[in-house]
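For reference, the structure is listed below as structure tokens.
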Amino acid sequence: MKLLIKNGRVVDPANNLDEICDILVENSKIFKVAKNIKIDADNTIDATGKIVIPGLVDMHVHLREPGREDKETVATGIQAALCAGVTSVLAMPNTQPPIDCPENAQLLKEIIKKTAKANVFIAGAITRGRLGQELTDIAKLKKEGVIAITDDGVSVESDPLMLKALKGAKEEDVLVICHSEDKKLSGDGQVNRGIISTRMGLRGISQESEYKRVARDIELAKKTKAKVHIAHVSCKESVELIAKAKINGVNVTCEVTPHHFTLDEEAVLGFDTNFKMNPPLRSKEDVIAIKQGLADGAIDVIASDHAPHTENEKEIEFERAEFGVVGLETELAAAITELIHAGLFDWPELVRKISYNPAQILGLKKGTLCEGSDADIVIINPQKEWTVTKEKLVSKSKNSAFLGKTLKGVVEYTICGGKVAYKG
């Protein structure tokens with residue numbers, strides 16, 4: 001099976017490539033990248049005027065299965081991902097049951113094998129039941145295919161236990177993803193602490209609850225020399241701490257979500273629960289700091305933190321509503337709109353943040369268009385606009401922070417493993 005992509009602007013920062021050329025795919029691999037490839041292919045796609053990039057690697061996705069198939073399934077989540085050019089995801093372990101033992105990892109692997117039409121990698125829990133009391137068996141989880149560990153949704157409160165987890169992860173060469181939140185400081189907070197929370201009469205979540213825990217996680221990473229990745233950074237102080245740690249040689253990386261560099265705390269003033277997430281939308285100053293961190297390299301990755309919830313869990317009083325928003329289908333367009341069209345990024349830098357860097361951090365042979373690499377490819381119309389509506393979202397849940405917003409950038413083709421998995 002031969003697939004030929006013609007005349008697209010091919011962007012692959014791994015090879016310093018950003019020019020008009022062709023890509024020949026044979027079976028599941030990229031066979032050749034060059035100008036004016038002449039061959040009789042089984043399928044030819046004219047990508048004139050389009051951007052051609054490696055498939056997105058989203059390292060923070062909640063697929064909810066097993067246990068909460070009413071919110072999302074592996075099948076529906078991956079279909080949503082493919083619509084937006086995401087060909088590889090890291091599934092978070094806060095399922096029911098959680099991925100805290102080899103048996104549960106095996107259960108998820110079987111679901112993936114049967115239903116996923118893209119690449120799904122598995123994160124295991126740091127502690128049993130994600131309760132922060134007893135460590136999981138990292139070696140056994142790794143043997144079952146787990147490539148990272150995290151208690152995402154909660155932080156490991158005990159310093160000695162987190163230290164022990166990092167030592168174990170270092171021994172097994174497994175990435176630790178940190179949800180950096182000190183619950184003693186964030187408590188029952190609902191939105192960012194400040195003038196907005198006061199006006200709304202809601203408990204606030206301080207920046208301190210995040211950056212103090214970021215500081216702790218960095219310090220423990222420094223002691224153990226373990227690979228640590230800070231999830232969903234939201235405030236200026238966290239960015240500054242991570243940038244300083246990198247300069248000092250700590251093996252730390254981090255991610256931000258599109259909602260945290262696109263929206264600020266004023267979005268919650270209407271009590272719309274689609275703007276309720278953890279960490280919360282922060283101040284305008286924090287948004288500026290995040291964009292600067294993306295531009296200067298302090299922030300490595302853009303990830304969706306795709307967190308589907310049912311209408312019963314979101315369309316209720318603000319204080320009772322679940323934290324989290326869906327993001328797979330909007331992450332690329334939001335980044336194109338807010339970063340490319342706003343002039344903050346060029347295409348190679350966006351591809352680095354959304355494809356290449358996450359693949360490198362996770363140790364995956366993805367995020368590049370090298371000859372011989374897996375043929376995970378996205379073809380994008382960068383100028384075409386679309387408006388986010390519930391009807392257009394493929395995800396089983398519709399709790400998007402971008403509903404009603406017009407974004408630029410439409411995926412026309414997603415190719416996964418050499419096959420056209422989505423055609424817009």
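By order in the structure tokens, chains are A, B, ...; within a chain, residues start at 1; ligands start at 1, following the order shown.
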Write down as a JSON list (two decimals) with N, CA and C atoms, in the first residue's frame the residues of segment 67-226 of chain A whose backbone DSSP state falls under strand (DSSP E).
[["chain", "number", "residue", "atom", "x", "y", "z"],
["A", 86, "VAL", "N", -4.47, 14.15, 16.51],
["A", 86, "VAL", "CA", -3.76, 13.47, 17.60],
["A", 86, "VAL", "C", -3.70, 11.98, 17.28],
["A", 87, "THR", "N", -2.49, 11.47, 17.10],
["A", 87, "THR", "CA", -2.32, 10.07, 16.74],
["A", 87, "THR", "C", -1.75, 9.21, 17.87],
["A", 88, "SER", "N", -1.28, 9.86, 18.92],
["A", 88, "SER", "CA", -0.76, 9.13, 20.09],
["A", 88, "SER", "C", -1.21, 9.84, 21.36],
["A", 89, "VAL", "N", -1.71, 9.07, 22.33],
["A", 89, "VAL", "CA", -2.12, 9.65, 23.61],
["A", 89, "VAL", "C", -1.54, 8.83, 24.75],
["A", 90, "LEU", "N", -1.33, 9.51, 25.87],
["A", 90, "LEU", "CA", -0.99, 8.84, 27.12],
["A", 90, "LEU", "C", -2.23, 8.86, 28.00],
["A", 91, "ALA", "N", -2.76, 7.68, 28.29],
["A", 91, "ALA", "CA", -3.99, 7.56, 29.08],
["A", 91, "ALA", "C", -3.68, 7.64, 30.56],
["A", 119, "ASN", "N", -2.63, 5.27, 18.53],
["A", 119, "ASN", "CA", -1.67, 4.77, 19.52],
["A", 119, "ASN", "C", -2.06, 5.22, 20.92],
["A", 120, "VAL", "N", -2.34, 4.29, 21.81],
["A", 120, "VAL", "CA", -2.67, 4.62, 23.20],
["A", 120, "VAL", "C", -1.62, 4.00, 24.10],
["A", 121, "PHE", "N", -0.93, 4.86, 24.83],
["A", 121, "PHE", "CA", 0.08, 4.42, 25.80],
["A", 121, "PHE", "C", -0.50, 4.62, 27.21],
["A", 122, "ILE", "N", 0.03, 3.86, 28.15],
["A", 122, "ILE", "CA", -0.60, 3.79, 29.47],
["A", 122, "ILE", "C", 0.29, 4.39, 30.56],
["A", 123, "ALA", "N", -0.31, 5.24, 31.38],
["A", 123, "ALA", "CA", 0.32, 5.71, 32.61],
["A", 123, "ALA", "C", -0.27, 4.93, 33.78],
["A", 124, "GLY", "N", 0.59, 4.49, 34.67],
["A", 124, "GLY", "CA", 0.13, 3.82, 35.88],
["A", 124, "GLY", "C", 0.12, 4.78, 37.06],
["A", 146, "VAL", "N", 3.41, -0.11, 31.08],
["A", 146, "VAL", "CA", 3.23, 1.26, 31.57],
["A", 146, "VAL", "C", 4.50, 2.06, 31.30],
["A", 147, "ILE", "N", 4.36, 3.28, 30.75],
["A", 147, "ILE", "CA", 5.55, 4.08, 30.39],
["A", 147, "ILE", "C", 5.76, 5.30, 31.28],
["A", 148, "ALA", "N", 4.81, 5.57, 32.18],
["A", 148, "ALA", "CA", 4.95, 6.68, 33.12],
["A", 148, "ALA", "C", 4.06, 6.39, 34.31],
["A", 149, "ILE", "N", 4.34, 7.06, 35.43],
["A", 149, "ILE", "CA", 3.48, 6.91, 36.61],
["A", 149, "ILE", "C", 3.05, 8.29, 37.10],
["A", 175, "LEU", "N", 9.23, 7.62, 33.75],
["A", 175, "LEU", "CA", 8.90, 9.03, 33.96],
["A", 175, "LEU", "C", 7.86, 9.18, 35.07],
["A", 176, "VAL", "N", 8.05, 10.18, 35.93],
["A", 176, "VAL", "CA", 7.06, 10.52, 36.96],
["A", 176, "VAL", "C", 6.38, 11.83, 36.56],
["A", 177, "ILE", "N", 5.06, 11.79, 36.42],
["A", 177, "ILE", "CA", 4.29, 12.99, 36.08],
["A", 177, "ILE", "C", 3.62, 13.50, 37.35],
["A", 178, "CYS", "N", 3.89, 14.75, 37.69],
["A", 178, "CYS", "CA", 3.44, 15.30, 38.97],
["A", 178, "CYS", "C", 2.24, 16.24, 38.80],
["A", 191, "VAL", "N", -12.18, 28.37, 42.24],
["A", 191, "VAL", "CA", -11.62, 29.21, 41.18],
["A", 191, "VAL", "C", -10.33, 29.85, 41.70],
["A", 192, "ASN", "N", -9.63, 30.56, 40.83],
["A", 192, "ASN", "CA", -8.41, 31.24, 41.25],
["A", 192, "ASN", "C", -8.70, 32.23, 42.38],
["A", 204, "GLY", "N", -11.29, 30.37, 46.97],
["A", 204, "GLY", "CA", -10.23, 30.50, 45.97],
["A", 204, "GLY", "C", -9.15, 29.44, 46.10],
["A", 205, "ILE", "N", -8.50, 29.15, 44.97],
["A", 205, "ILE", "CA", -7.33, 28.26, 44.92],
["A", 205, "ILE", "C", -6.12, 29.14, 44.64]]
If I take atom CA of Thr387 of chain A and atom CA of Thr262 of chain A, how far is one from the other in Å, to one decimal?
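The value is 15.6 Å.
When only C-alpha atoms are used to measure the gap to Thr273 of chain A, the shortest distance among A:Ser209, A:Thr224, A:Ser304, A:Asn312 belongs to A:Asn312.
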Based on DSSP run over this structure's backbone, return all residues of segment 243-329 of chain A in alpha helix (DSSP H), as number ranges by chain.
A: 243-247, 258-262, 284-296, 311-314
With C-alpha atoms retained, write the just-selected residues as an mmCIF file, in the first residue's frame.
data_model
loop_
_atom_site.group_PDB
_atom_site.id
_atom_site.type_symbol
_atom_site.label_atom_id
_atom_site.label_comp_id
_atom_site.auth_asym_id
_atom_site.auth_seq_id
_atom_site.Cartn_x
_atom_site.Cartn_y
_atom_site.Cartn_z
ATOM 1 C CA ALA A 243 13.066 27.527 34.284
ATOM 2 C CA LYS A 244 15.542 27.937 37.148
ATOM 3 C CA ALA A 245 15.622 24.190 37.813
ATOM 4 C CA LYS A 246 16.459 23.499 34.168
ATOM 5 C CA ILE A 247 19.354 25.952 34.314
ATOM 6 C CA PRO A 258 -4.508 25.510 25.674
ATOM 7 C CA HIS A 259 -7.171 26.758 28.093
ATOM 8 C CA HIS A 260 -4.474 28.078 30.419
ATOM 9 C CA PHE A 261 -2.721 30.115 27.716
ATOM 10 C CA THR A 262 -5.935 31.206 25.981
ATOM 11 C CA LYS A 284 -3.944 37.794 33.025
ATOM 12 C CA GLU A 285 -0.407 38.110 34.421
ATOM 13 C CA ASP A 286 -0.162 34.330 34.699
ATOM 14 C CA VAL A 287 -1.390 33.871 31.110
ATOM 15 C CA ILE A 288 1.307 36.248 29.883
ATOM 16 C CA ALA A 289 3.946 34.318 31.857
ATOM 17 C CA ILE A 290 2.794 31.019 30.370
ATOM 18 C CA LYS A 291 2.994 32.380 26.837
ATOM 19 C CA GLN A 292 6.467 33.721 27.565
ATOM 20 C CA GLY A 293 7.469 30.337 28.984
ATOM 21 C CA LEU A 294 6.250 28.655 25.817
ATOM 22 C CA ALA A 295 8.201 31.105 23.683
ATOM 23 C CA ASP A 296 11.492 30.906 25.611
ATOM 24 C CA GLU A 311 -23.991 16.891 31.687
ATOM 25 C CA ASN A 312 -25.231 15.746 35.102
ATOM 26 C CA GLU A 313 -21.782 16.462 36.503
ATOM 27 C CA LYS A 314 -21.298 19.855 34.843
#
Would you list the contacts of segment 2-19 of chain A as a PyMOL selection string, taking every protein, DNA or RNA residue within 10 Å and counting only C-alpha atoms, but skipping same-chain residues closer than 3 positions in sequence?
chain A and resi 22-54+347-352+355-357+367-370+375+377-380+415+418-420
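Between atom CA of Ala80 of chain A and atom CA of Gly327 of chain A the interatomic distance comes to 9.4 Å.
Between atom CA of Ile336 of chain A and atom CA of Ser283 of chain A lies a distance of 22.0 Å.
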Rank nothing, just name the residue among A:Gly153, A:Gly270, A:Pro98, A:Gly363 nearest to Asp305 of chain A, using only C-alpha atoms.
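That would be A:Gly153, the residue with the smallest distance to Asp305 of chain A.
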Find the spatial neighbours of Val388 of chain A, counting only C-alpha atoms, within a cut-off of 7 Å - ignore same-chain residues fewer than 5 positions away - and output them as an mmCIF file with N, CA and C atoms, in the first residue's frame.
data_model
loop_
_atom_site.group_PDB
_atom_site.id
_atom_site.type_symbol
_atom_site.label_atom_id
_atom_site.label_comp_id
_atom_site.auth_asym_id
_atom_site.auth_seq_id
_atom_site.Cartn_x
_atom_site.Cartn_y
_atom_site.Cartn_z
ATOM 1 N N PHE A 402 -14.248 26.013 25.043
ATOM 2 C CA PHE A 402 -14.217 26.803 23.811
ATOM 3 C C PHE A 402 -15.546 26.803 23.070
ATOM 4 N N LEU A 403 -16.612 26.334 23.690
ATOM 5 C CA LEU A 403 -17.917 26.340 23.031
ATOM 6 C C LEU A 403 -18.292 27.752 22.595
ATOM 7 N N GLY A 404 -18.709 27.880 21.344
ATOM 8 C CA GLY A 404 -19.104 29.178 20.813
ATOM 9 C C GLY A 404 -17.960 30.002 20.265
ATOM 10 N N LYS A 405 -16.726 29.557 20.464
ATOM 11 C CA LYS A 405 -15.571 30.316 19.991
ATOM 12 C C LYS A 405 -15.198 29.881 18.575
ATOM 13 N N THR A 406 -14.742 30.850 17.781
ATOM 14 C CA THR A 406 -14.274 30.568 16.427
ATOM 15 C C THR A 406 -12.759 30.447 16.447
#
Selected residue of minimal separation from Ala105 of chain A among A:Asp376, A:Glu72, A:Glu65, A:Glu134, counting only C-alpha atoms:
A:Glu65
Of the listed residues A:Glu157, A:Asp173, A:Glu315, A:Asp58, that which approaches Ser397 of chain A most closely, counting only C-alpha atoms:
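Counting only C-alpha atoms, the residue closest to Ser397 of chain A is A:Glu315.
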Would you mind listing what lies within 10 Å of Gly194 of chain A as JSON, numbers by chain, with only C-alpha atoms counted and same-chain residues fewer than 4 positions away left out?
{"A": [198, 199, 203, 204, 205, 206, 207, 265, 282, 283]}
Tell me which of A:Thr310, A:Ser197, A:Ser395, A:Thr127 sits closest to Ile78 of chain A, counting only C-alpha atoms.
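Ranking A:Thr310, A:Ser197, A:Ser395, A:Thr127 by distance to Ile78 of chain A, first place goes to A:Ser395.
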Among the residues A:Glu255, A:Asp70, A:Glu329, A:Glu110, the one that comes closest to Leu393 of chain A [using only C-alpha atoms]
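So, comparing all the options, the nearest one is A:Glu329.
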I'd like the neighbourhood of Pro66 of chain A as an NGL selection string, where a residue qualifies if any of its atoms comes within 8 Å (using only C-alpha atoms), though same-chain residues fewer than 5 positions away should be ignored.
:A and (73 or 95-97 or 108)
